[in-house]
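Report on the following structure.
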There are 4 protein chains.
Amino acid sequence: MKDVQNQKDQRNIYLNEVGIRDLKLPVEVKDSAGRWMPVTAVISLSADLKGAKKGTHMSRFVEILQRNNRMDLRQLRTILEEIQAKLDAENSYLSIRFDYFIEKQSPVSGLRSYLAVEVENNASLCGDAFDLELTVRTPVTTLCPCSKEISEASAHNQRATVSITVHTEKFVWIEDLVKIAEQSASSPVYTLLKRPDEKFVTEAAYDRPMFVEDVVREAKQMVDQMPEIGRYAIEAESQESIHNHAAFARVVGDRSEREDAECTH
Amino acid sequence: MKDVQNQKDQRNIYLNEVGIRDLKLPVEVKDSAGRWMPVTAVISLSADLKGAKKGTHMSRFVEILQRNNRMDLRQLRTILEEIQAKLDAENSYLSIRFDYFIEKQSPVSGLRSYLAVEVENNASLCGDAFDLELTVRTPVTTLCPCSKEISEASAHNQRATVSITVHTEKFVWIEDLVKIAEQSASSPVYTLLKRPDEKFVTEAAYDRPMFVEDVVREAKQMVDQMPEIGRYAIEAESQESIHNHAAFARVVGDRSEREDAECTH
Amino acid sequence: MKDVQNQKDQRNIYLNEVGIRDLKLPVEVKDSAGRWMPVTAVISLSADLKGAKKGTHMSRFVEILQRNNRMDLRQLRTILEEIQAKLDAENSYLSIRFDYFIEKQSPVSGLRSYLAVEVENNASLCGDAFDLELTVRTPVTTLCPCSKEISEASAHNQRATVSITVHTEKFVWIEDLVKIAEQSASSPVYTLLKRPDEKFVTEAAYDRPMFVEDVVREAKQMVDQMPEIGRYAIEAESQESIHNHAAFARVVGDRSEREDAECTH
Amino acid sequence: MKDVQNQKDQRNIYLNEVGIRDLKLPVEVKDSAGRWMPVTAVISLSADLKGAKKGTHMSRFVEILQRNNRMDLRQLRTILEEIQAKLDAENSYLSIRFDYFIEKQSPVSGLRSYLAVEVENNASLCGDAFDLELTVRTPVTTLCPCSKEISEASAHNQRATVSITVHTEKFVWIEDLVKIAEQSASSPVYTLLKRPDEKFVTEAAYDRPMFVEDVVREAKQMVDQMPEIGRYAIEAESQESIHNHAAFARVVGDRSEREDAECTH
């Protein structure tokens, strides 16, 4: 059977990325207690393509994923190395998104429940330089300092999302980035709150008013204490309760001395 | 050229609906001041199909829409009648969704700005019985009465959406349903607020705490005053600022004495 | 601490539904081999509210879900019964959506891979009448009979979705509805196909051209063979490869002799 | 009334971006015939914030947008300059997304209809260096060369999207990027096709099989002919009709000799 993909391409144009996207698969990720947690992942996997080749072999991406369904740091790198070997590529890329559940206790009554946070791993292997970018999006509450200051009583508050993206060569626990996000906001949010908890959360948020600007500054101070992190970006976005649009703030930084492994794509 | 759709179908199975969906087109709708307002519509158009016919002629749906881009009540009915005639159908259905802009003034400084509300028209012609279902989704603020009652100060509040769906044979202005939604909530939301407006909105919401249950009960009392309305459904959904999930309430009613025109589909 | 929700409501307006929505939780569902499969569920849970009561107790919905994370038919009913008891309600409603993975073999080389289908369970308990509505959305291929007939070679084809919704008092396997969907289309889709498989799938689809009208008629004939099913709806939607909109067909039916358990909401 | 935002911030942390997001407004954009076309825009507007300042004044972003609703190249720059002046900022950013309608004629019968393409303008003013990034996403058809080669008849084909992103100091017509996208694929897609058109499109696609790799290479050769363009990225994504995931290819390039105006954010 003819291998059309393997034909010589006369245009001789190098392609930065060729691959598959939006593939849903059941995989397992490790939580901070060392257990493997089943998640539903949305996966993108790709590699660069030499100018002389007409096409890549898309089915090999799927075959490699089928054999590697426990995704830790070592596994991500293994997948990228296999991609380079099987597809004769210089650079390879893997993105995996999933909802991850944090078990939390309500602040007064101590009731346990699960909170979903959104996680995204973007790993790349450029030649033999490995880079991992981890993003965790944590829902929180923000209460507006201006509204509190100028109003007779109360202040507008709302659900907000803190997104922390870090580049790292070592492992960073999802749980640690969730903690930073929650400590930077007016209050964490919870899945299960009884009335004494609701009173606590309402009052705690009023005692700790935070603009989105404040949230990212608080988070930055904590991220700057993490020695395992290189480049990072921190974003807070409030679903404003008095508007139909969002307010956001963003800060980027770099704690690394090394040049980051990176390939243009 | 052979007309495959027109072939006789041996299975002889009647189909309730056949048509097109998710078609984006620029159309115009009338605002309450009588002006034609350009909107970007997402359209679905369909009809039933006799058991003896293999297929419908999909391109005729598009042709009819191309000729009718000013969508008022009469036009909706005209489109449905043309569909029945051109496709030899008993029943026809049209759904059109769009963002509609309301010009609002901020409560203290009187500044003007636009607020987007989501509108959906579902029209059907079953035989010659016409029915129009109009849904308007208005963003508002809700402030929790329980949180206010039990807390030393403040109360959790958040953006919420009030969805009002009405069946009507006459015309109902989008603007009137937006007003009902805003008057049922703790406060309207605005696109542009200066500090004196923000103070006003914060205090107004605190003075008027509303569960989602309260919002739909308030709205129901107002909808029950509208003589032009038959069946209706009212829903309020709060993007809880202390949780990562929503709270909602829903009430349905029927002011009409007539049996509603309806075809099962 | 004051119980605001429990206060008497002077408006005395009955509410059809009050509850929570868009709650993500990790749950387990049974596959047709009897194993418990972990999924990420998006859940809605609600009940009606008497006119005399100001509000429902939202935290109880979450507490009941926390205790019941293995969702089979009996469990769904148990949750709805607990809701009625704890919230003094006549009617209760549970909706749970998740991606479910089917293990499939490619048609020639026999390689195994997972295919995600979307599943939705809508359960209701109206008084003591239980109703379960199960929807399974299966991706398939459709190839246009008209395009094949009129063209010198080839025919436009595309990814399509077959949605089968059934009401049932007994259990229906997700796998069985997926099979009906795949047998009704021009071809199933697969996550992993090598070249001999791709040749097979391409030729199989060309040998079996299907309008969306054909797909729902084929599926209806198979659903009509299932004795455990009452009311049902079958829909096929093609993401037309020659248009930027979708084509769809829909048929509804009812195999039951009983009046369906149903409460207006 | 106290100006909380204007207070001194002791943490002294510079923020790369502070602003508003997901604001829907009606605006007008110029088509290639010089007419102003009404669109529904989703807008983000932001600026950097000095370390010494506690917060930005969010309402000013909205005020500036209210005064500038005709968005051409000059206008985008004016908005960014006003932002810098009113908010005492060094850098400012504007993103505006909308559906844009192209009037097209079917290839044989010459019938006219509208096709929606997705457009995104990202403008930045870093100091006084202006940069405009324009992205146009055009729906097309791709037909698989491998499937055609190995199969007795037909080939799998599907709807695909070609995304062309260009940086430019001058004006680039949306219509020109749509043309490049359509000429790079197996066939354009159309909103209205009669049977002779459908025959033409089916056969044209079969005569011109294209991998996603081919599509981006064809498009790159055309983009490389446009003297007004600096950096660019071209992506093609096929909604594979035989899989439930997408295949994609991506190439980036830079035709400019200048260093691009850019601020890290």
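Chain labels A, B, ... are given in the sequence in which chains occur in the structure tokens; within each chain residues are numbered consecutively from 1, and ligands are likewise numbered from 1 in the order shown.
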**Asked** Got a sec: who's within 10 Å of Tyr190 of chain D, counting only C-alpha atoms, leaving out chain neighbours fewer than 3 positions off, as a ChimeraX atom specification?
**Response** /C:241-245 /D:103-107,112-116,139-140,187,193,197-198,201
Would you output that residue set with N, CA, C and O atoms, as a CSV table (one decimal), in the first residue's frame?
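out.csv, written as the output of this step:
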```csv
chain,number,residue,atom,x,y,z
C,241,SER,N,-19.3,19.1,5.3
C,241,SER,CA,-17.9,19.5,4.9
C,241,SER,C,-18.0,20.5,3.7
C,241,SER,O,-16.9,21.1,3.4
C,242,ILE,N,-19.1,20.7,3.1
C,242,ILE,CA,-19.2,21.7,2.0
C,242,ILE,C,-19.8,23.0,2.4
C,242,ILE,O,-19.9,24.0,1.7
C,243,HIS,N,-20.3,23.0,3.7
C,243,HIS,CA,-21.0,24.3,4.2
C,243,HIS,C,-20.3,24.6,5.5
C,243,HIS,O,-19.5,23.9,6.1
C,244,ASN,N,-20.6,25.8,6.1
C,244,ASN,CA,-20.2,26.1,7.4
C,244,ASN,C,-21.3,26.0,8.4
C,244,ASN,O,-21.3,26.6,9.5
C,245,HIS,N,-22.4,25.3,8.1
C,245,HIS,CA,-23.5,25.0,9.0
C,245,HIS,C,-23.8,23.5,9.0
C,245,HIS,O,-23.2,22.8,8.2
D,103,GLU,N,-19.5,38.1,1.2
D,103,GLU,CA,-20.5,37.7,0.2
D,103,GLU,C,-19.9,36.9,-0.8
D,103,GLU,O,-18.8,37.3,-1.4
D,104,LYS,N,-20.4,35.7,-1.1
D,104,LYS,CA,-19.8,34.8,-2.0
D,104,LYS,C,-20.8,34.3,-3.1
D,104,LYS,O,-22.0,34.3,-2.8
D,105,GLN,N,-20.3,33.9,-4.2
D,105,GLN,CA,-21.2,33.4,-5.3
D,105,GLN,C,-20.9,31.9,-5.4
D,105,GLN,O,-19.7,31.4,-5.4
D,106,SER,N,-21.9,31.1,-5.6
D,106,SER,CA,-21.7,29.6,-5.7
D,106,SER,C,-21.0,29.4,-7.1
D,106,SER,O,-21.2,30.2,-8.0
D,107,PRO,N,-20.2,28.4,-7.2
D,107,PRO,CA,-19.3,28.3,-8.4
D,107,PRO,C,-20.0,28.0,-9.7
D,107,PRO,O,-19.4,28.4,-10.8
D,112,ARG,N,-25.8,34.1,-4.8
D,112,ARG,CA,-25.1,34.9,-3.7
D,112,ARG,C,-25.5,34.5,-2.3
D,112,ARG,O,-26.7,34.3,-2.1
D,113,SER,N,-24.6,34.4,-1.4
D,113,SER,CA,-24.9,34.2,0.0
D,113,SER,C,-23.8,34.7,0.9
D,113,SER,O,-22.7,35.0,0.4
D,114,TYR,N,-24.0,34.7,2.2
D,114,TYR,CA,-23.0,35.2,3.2
D,114,TYR,C,-22.3,34.1,3.9
D,114,TYR,O,-23.0,33.1,4.3
D,115,LEU,N,-21.0,34.2,4.0
D,115,LEU,CA,-20.2,33.2,4.8
D,115,LEU,C,-19.6,33.9,5.9
D,115,LEU,O,-18.9,34.9,5.8
D,116,ALA,N,-19.8,33.4,7.2
D,116,ALA,CA,-19.2,34.0,8.4
D,116,ALA,C,-17.7,33.5,8.5
D,116,ALA,O,-17.5,32.3,8.5
D,139,PRO,N,-13.5,28.8,7.2
D,139,PRO,CA,-13.8,27.4,7.0
D,139,PRO,C,-13.6,27.0,5.6
D,139,PRO,O,-13.9,27.8,4.7
D,140,VAL,N,-13.1,25.8,5.4
D,140,VAL,CA,-12.8,25.3,4.1
D,140,VAL,C,-13.1,23.7,4.1
D,140,VAL,O,-13.4,23.2,5.1
D,187,SER,N,-11.1,22.7,-1.3
D,187,SER,CA,-12.2,23.5,-1.9
D,187,SER,C,-12.7,24.6,-0.8
D,187,SER,O,-12.6,24.3,0.4
D,193,LEU,N,-25.6,26.2,-2.0
D,193,LEU,CA,-25.2,25.5,-3.2
D,193,LEU,C,-26.4,24.7,-3.7
D,193,LEU,O,-27.1,24.0,-3.0
D,197,ASP,N,-23.8,23.0,-8.3
D,197,ASP,CA,-22.7,23.5,-7.5
D,197,ASP,C,-22.1,22.4,-6.6
D,197,ASP,O,-20.9,22.3,-6.5
D,198,GLU,N,-23.0,21.6,-6.1
D,198,GLU,CA,-22.5,20.5,-5.2
D,198,GLU,C,-21.7,19.5,-6.0
D,198,GLU,O,-20.7,19.1,-5.5
D,201,VAL,N,-18.3,21.2,-6.5
D,201,VAL,CA,-17.5,21.2,-5.3
D,201,VAL,C,-16.9,19.9,-4.9
D,201,VAL,O,-15.8,19.7,-4.5
```
All helix (DSSP H, G or I) residues (DSSP, backbone) inside segment 41-240 of chain D, as a short mmCIF file (atom, residue, chain, number, x, y, z; two decimals) with N, CA and C atoms, in the first residue's frame:
```cif
data_model
loop_
_atom_site.label_atom_id
_atom_site.label_comp_id
_atom_site.auth_asym_id
_atom_site.auth_seq_id
_atom_site.Cartn_x
_atom_site.Cartn_y
_atom_site.Cartn_z
N MET D 58 -10.93 51.25 36.08
CA MET D 58 -11.52 50.39 35.05
C MET D 58 -12.57 51.12 34.20
N SER D 59 -13.31 52.07 34.77
CA SER D 59 -14.39 52.69 34.02
C SER D 59 -13.87 53.51 32.84
N ARG D 60 -12.60 53.95 32.93
CA ARG D 60 -12.07 54.75 31.82
C ARG D 60 -11.90 53.93 30.55
N PHE D 61 -11.61 52.64 30.70
CA PHE D 61 -11.53 51.78 29.51
C PHE D 61 -12.87 51.81 28.76
N VAL D 62 -13.96 51.70 29.52
CA VAL D 62 -15.28 51.68 28.88
C VAL D 62 -15.61 53.03 28.26
N GLU D 63 -15.29 54.10 28.97
CA GLU D 63 -15.57 55.45 28.44
C GLU D 63 -14.88 55.68 27.09
N ILE D 64 -13.64 55.24 27.02
CA ILE D 64 -12.89 55.44 25.77
C ILE D 64 -13.50 54.61 24.63
N LEU D 65 -13.92 53.40 24.93
CA LEU D 65 -14.56 52.56 23.90
C LEU D 65 -15.88 53.16 23.44
N GLN D 66 -16.65 53.73 24.37
CA GLN D 66 -17.96 54.32 24.03
C GLN D 66 -17.80 55.42 22.98
N ARG D 67 -16.69 56.15 23.04
CA ARG D 67 -16.48 57.28 22.12
C ARG D 67 -15.91 56.85 20.78
N LEU D 73 -7.77 51.05 11.35
CA LEU D 73 -6.40 51.01 11.85
C LEU D 73 -6.07 52.25 12.69
N ARG D 74 -6.48 53.42 12.19
CA ARG D 74 -6.15 54.66 12.87
C ARG D 74 -6.84 54.74 14.22
N GLN D 75 -8.11 54.27 14.22
CA GLN D 75 -8.91 54.28 15.44
C GLN D 75 -8.30 53.41 16.52
N LEU D 76 -7.85 52.22 16.12
CA LEU D 76 -7.24 51.31 17.10
C LEU D 76 -6.07 51.99 17.79
N ARG D 77 -5.25 52.68 16.99
CA ARG D 77 -4.10 53.38 17.58
C ARG D 77 -4.55 54.52 18.48
N THR D 78 -5.58 55.26 18.05
CA THR D 78 -6.09 56.37 18.87
C THR D 78 -6.57 55.87 20.24
N ILE D 79 -7.31 54.75 20.23
CA ILE D 79 -7.78 54.19 21.50
C ILE D 79 -6.61 53.89 22.42
N LEU D 80 -5.58 53.26 21.87
CA LEU D 80 -4.43 52.87 22.69
C LEU D 80 -3.69 54.10 23.23
N GLU D 81 -3.64 55.16 22.42
CA GLU D 81 -2.98 56.39 22.90
C GLU D 81 -3.79 57.04 24.02
N GLU D 82 -5.11 57.07 23.85
CA GLU D 82 -5.95 57.65 24.91
C GLU D 82 -5.80 56.87 26.21
N ILE D 83 -5.75 55.54 26.08
CA ILE D 83 -5.57 54.70 27.27
C ILE D 83 -4.29 55.09 28.01
N GLN D 84 -3.20 55.19 27.26
CA GLN D 84 -1.92 55.55 27.91
C GLN D 84 -2.02 56.90 28.62
N ALA D 85 -2.68 57.85 27.96
CA ALA D 85 -2.78 59.20 28.54
C ALA D 85 -3.67 59.21 29.78
N LYS D 86 -4.84 58.61 29.67
CA LYS D 86 -5.81 58.68 30.78
C LYS D 86 -5.41 57.82 31.96
N LEU D 87 -4.58 56.79 31.72
CA LEU D 87 -4.27 55.85 32.81
C LEU D 87 -2.80 55.91 33.20
N PRO D 145 -5.32 13.05 0.84
CA PRO D 145 -4.56 12.44 -0.26
C PRO D 145 -4.26 10.97 -0.03
N CYS D 146 -4.02 10.57 1.21
CA CYS D 146 -3.70 9.18 1.52
C CYS D 146 -4.94 8.32 1.29
N SER D 147 -6.07 8.77 1.84
CA SER D 147 -7.33 8.04 1.68
C SER D 147 -7.68 7.88 0.20
N LYS D 148 -7.46 8.91 -0.62
CA LYS D 148 -7.74 8.84 -2.06
C LYS D 148 -6.83 7.82 -2.74
N GLU D 149 -5.56 7.85 -2.37
CA GLU D 149 -4.58 6.99 -3.01
C GLU D 149 -4.83 5.51 -2.75
N ILE D 150 -5.17 5.18 -1.51
CA ILE D 150 -5.26 3.76 -1.13
C ILE D 150 -6.64 3.16 -1.33
N ILE D 174 -9.35 41.78 5.29
CA ILE D 174 -9.84 40.47 5.72
C ILE D 174 -10.09 39.60 4.50
N GLU D 175 -10.70 40.19 3.47
CA GLU D 175 -11.06 39.46 2.25
C GLU D 175 -9.84 38.80 1.59
N ASP D 176 -8.68 39.46 1.68
CA ASP D 176 -7.48 38.90 1.05
C ASP D 176 -6.99 37.65 1.79
N LEU D 177 -7.09 37.65 3.11
CA LEU D 177 -6.66 36.47 3.87
C LEU D 177 -7.65 35.31 3.68
N VAL D 178 -8.92 35.64 3.52
CA VAL D 178 -9.92 34.60 3.23
C VAL D 178 -9.61 33.94 1.89
N LYS D 179 -9.25 34.77 0.90
CA LYS D 179 -8.92 34.22 -0.44
C LYS D 179 -7.74 33.26 -0.37
N ILE D 180 -6.70 33.63 0.35
CA ILE D 180 -5.52 32.76 0.50
C ILE D 180 -5.93 31.44 1.15
N ALA D 181 -6.73 31.53 2.21
CA ALA D 181 -7.17 30.32 2.91
C ALA D 181 -7.94 29.40 1.96
N GLU D 182 -8.85 29.98 1.18
CA GLU D 182 -9.69 29.16 0.30
C GLU D 182 -8.89 28.54 -0.84
N GLN D 183 -7.91 29.30 -1.36
CA GLN D 183 -7.08 28.78 -2.45
C GLN D 183 -6.09 27.71 -1.98
N SER D 184 -5.87 27.64 -0.67
CA SER D 184 -4.92 26.66 -0.13
C SER D 184 -5.55 25.31 0.17
N ARG D 195 -27.68 21.82 -6.78
CA ARG D 195 -27.04 20.56 -7.17
C ARG D 195 -25.87 20.69 -8.14
N PRO D 196 -25.95 21.51 -9.19
CA PRO D 196 -24.77 21.64 -10.07
C PRO D 196 -23.54 22.18 -9.32
N ASP D 197 -23.79 23.04 -8.32
CA ASP D 197 -22.70 23.54 -7.49
C ASP D 197 -22.11 22.43 -6.63
N GLU D 198 -23.00 21.60 -6.07
CA GLU D 198 -22.54 20.52 -5.19
C GLU D 198 -21.68 19.52 -5.96
N LYS D 199 -22.12 19.22 -7.20
CA LYS D 199 -21.32 18.35 -8.08
C LYS D 199 -19.93 18.98 -8.31
N PHE D 200 -19.92 20.26 -8.62
CA PHE D 200 -18.66 20.96 -8.88
C PHE D 200 -17.73 20.90 -7.67
N VAL D 201 -18.27 21.19 -6.49
CA VAL D 201 -17.46 21.25 -5.27
C VAL D 201 -16.93 19.86 -4.91
N THR D 202 -17.78 18.83 -5.04
CA THR D 202 -17.35 17.46 -4.74
C THR D 202 -16.19 17.05 -5.65
N GLU D 203 -16.35 17.32 -6.94
CA GLU D 203 -15.31 16.91 -7.90
C GLU D 203 -14.04 17.74 -7.75
N ALA D 204 -14.22 19.03 -7.50
CA ALA D 204 -13.05 19.91 -7.32
C ALA D 204 -12.21 19.45 -6.12
N ALA D 205 -12.87 19.09 -5.03
CA ALA D 205 -12.13 18.64 -3.85
C ALA D 205 -11.40 17.33 -4.12
N TYR D 206 -12.06 16.43 -4.88
CA TYR D 206 -11.43 15.13 -5.19
C TYR D 206 -10.22 15.31 -6.10
N ASP D 207 -10.28 16.33 -6.96
CA ASP D 207 -9.16 16.63 -7.86
C ASP D 207 -8.00 17.32 -7.15
N VAL D 212 -3.49 18.62 5.90
CA VAL D 212 -3.30 19.91 6.59
C VAL D 212 -1.89 20.44 6.34
N GLU D 213 -0.92 19.53 6.19
CA GLU D 213 0.44 19.95 5.88
C GLU D 213 0.48 20.70 4.55
N ASP D 214 -0.23 20.18 3.55
CA ASP D 214 -0.27 20.85 2.24
C ASP D 214 -0.92 22.22 2.33
N VAL D 215 -2.00 22.30 3.09
CA VAL D 215 -2.75 23.56 3.18
C VAL D 215 -1.86 24.68 3.70
N VAL D 216 -1.14 24.43 4.80
CA VAL D 216 -0.32 25.52 5.35
C VAL D 216 0.87 25.84 4.44
N ARG D 217 1.39 24.83 3.73
CA ARG D 217 2.49 25.13 2.79
C ARG D 217 2.00 25.99 1.63
N GLU D 218 0.81 25.65 1.10
CA GLU D 218 0.26 26.48 0.01
C GLU D 218 0.03 27.91 0.49
N ALA D 219 -0.57 28.04 1.68
CA ALA D 219 -0.87 29.37 2.20
C ALA D 219 0.40 30.16 2.47
N LYS D 220 1.42 29.48 2.98
CA LYS D 220 2.69 30.18 3.27
C LYS D 220 3.28 30.79 2.00
N GLN D 221 3.21 30.03 0.90
CA GLN D 221 3.76 30.56 -0.35
C GLN D 221 3.05 31.84 -0.78
N MET D 222 1.76 31.92 -0.51
CA MET D 222 1.01 33.13 -0.88
C MET D 222 1.26 34.28 0.10
N VAL D 223 1.30 33.97 1.40
CA VAL D 223 1.56 35.02 2.39
C VAL D 223 2.95 35.62 2.16
#
```
**Request:** Using only C-alpha atoms, find which residues of chain B lie within 6 Å of chain C and jot them down as a PyMOL selection string.
**Result:** chain B and resi 4+15-23+146+245-251
**Message:** So that I can check the secondary structure, give me every residue of segment 122-263 of chain A assigned strand (DSSP E or B) by backbone DSSP, as an MDAnalysis selection string.
**Reply:** chainID A and resid 122:126 129:143 157:168 187:188 229:238 246:254
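The gap separating atom CA of Ala155 of chain A from atom CA of Thr141 of chain B is 12.3 Å, in Å to one decimal.
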**Request:** Tell me, as a PyMOL selection string, which residues lie within 12 Å of Val29 of chain B, counting only C-alpha atoms; anything in the same chain fewer than 2 positions away does not count.
**Result:** chain B and resi 26-27+31-41+68-76+96-101+119-121+173-174
Expected file contents, prior selection, C-alpha atoms, as a PDB file, in the first residue's frame:
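Saved result, part.pdb, follows:
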```pdb
ATOM      1  CA  PRO B  26     -26.457  39.196   9.446  1.00  0.00           C
ATOM      2  CA  VAL B  27     -30.082  40.161  10.064  1.00  0.00           C
ATOM      3  CA  ASP B  31     -36.029  47.797  18.741  1.00  0.00           C
ATOM      4  CA  SER B  32     -38.795  49.331  20.883  1.00  0.00           C
ATOM      5  CA  ALA B  33     -38.182  52.752  19.309  1.00  0.00           C
ATOM      6  CA  GLY B  34     -39.019  51.288  15.892  1.00  0.00           C
ATOM      7  CA  ARG B  35     -35.492  51.313  14.463  1.00  0.00           C
ATOM      8  CA  TRP B  36     -33.989  48.324  12.626  1.00  0.00           C
ATOM      9  CA  MET B  37     -30.976  47.103  14.575  1.00  0.00           C
ATOM     10  CA  PRO B  38     -28.270  44.969  12.861  1.00  0.00           C
ATOM     11  CA  VAL B  39     -27.425  41.764  14.739  1.00  0.00           C
ATOM     12  CA  THR B  40     -25.382  38.627  14.080  1.00  0.00           C
ATOM     13  CA  ALA B  41     -27.877  35.781  14.216  1.00  0.00           C
ATOM     14  CA  ASN B  68     -35.864  37.670   4.389  1.00  0.00           C
ATOM     15  CA  ASN B  69     -33.305  39.412   6.540  1.00  0.00           C
ATOM     16  CA  ARG B  70     -35.538  41.848   8.453  1.00  0.00           C
ATOM     17  CA  MET B  71     -36.987  39.710  11.190  1.00  0.00           C
ATOM     18  CA  ASP B  72     -40.173  40.970  12.775  1.00  0.00           C
ATOM     19  CA  LEU B  73     -43.205  38.976  13.853  1.00  0.00           C
ATOM     20  CA  ARG B  74     -44.804  39.038  10.398  1.00  0.00           C
ATOM     21  CA  GLN B  75     -41.557  38.065   8.718  1.00  0.00           C
ATOM     22  CA  LEU B  76     -41.057  35.053  10.978  1.00  0.00           C
ATOM     23  CA  ILE B  96     -32.928  32.647  15.778  1.00  0.00           C
ATOM     24  CA  ARG B  97     -30.440  33.649  18.526  1.00  0.00           C
ATOM     25  CA  PHE B  98     -28.512  36.921  18.831  1.00  0.00           C
ATOM     26  CA  ASP B  99     -26.950  39.426  21.214  1.00  0.00           C
ATOM     27  CA  TYR B 100     -29.130  42.516  21.531  1.00  0.00           C
ATOM     28  CA  PHE B 101     -27.903  45.808  22.938  1.00  0.00           C
ATOM     29  CA  VAL B 119     -32.268  36.817  22.822  1.00  0.00           C
ATOM     30  CA  GLU B 120     -33.785  33.706  21.281  1.00  0.00           C
ATOM     31  CA  ASN B 121     -36.887  33.496  19.088  1.00  0.00           C
ATOM     32  CA  TRP B 173     -40.660  44.109  23.349  1.00  0.00           C
ATOM     33  CA  ILE B 174     -37.305  42.715  24.428  1.00  0.00           C
TER      34      ILE B 174
END
```
**Neighbour list for Arg137 of chain D as a list in words, cut-off 8 Å, only C-alpha atoms, skip fewer than 4 positions in-chain** =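 Near neighbours after the sequence-gap exclusion: Val117, Glu118, Val119, Thr161, Val162, Ser163, Ile164 and Val178 of chain D.
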Writing out the chosen residues with C-alpha atoms as a PDB file, in the first residue's frame:
```pdb
ATOM      1  CA  VAL D 117     -15.426  34.087   9.099  1.00  0.00           C
ATOM      2  CA  GLU D 118     -13.985  34.741  12.566  1.00  0.00           C
ATOM      3  CA  VAL D 119     -11.759  37.787  12.901  1.00  0.00           C
ATOM      4  CA  THR D 161     -10.396  25.811   9.431  1.00  0.00           C
ATOM      5  CA  VAL D 162      -7.470  27.823   8.093  1.00  0.00           C
ATOM      6  CA  SER D 163      -6.222  30.442  10.582  1.00  0.00           C
ATOM      7  CA  ILE D 164      -3.890  33.109   9.225  1.00  0.00           C
ATOM      8  CA  VAL D 178      -9.922  34.603   3.228  1.00  0.00           C
TER       9      VAL D 178
END
```
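When only C-alpha atoms are used to measure the gap to Pro209 of chain B, the shortest distance among B:Ile229, B:Leu143, B:Leu134, B:Ala185 belongs to B:Leu143.
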**Selected residue of minimal separation from Ser124 of chain D among D:Cys263, D:Pro227, D:Lys8, D:Val166, counting only C-alpha atoms** = D:Cys263
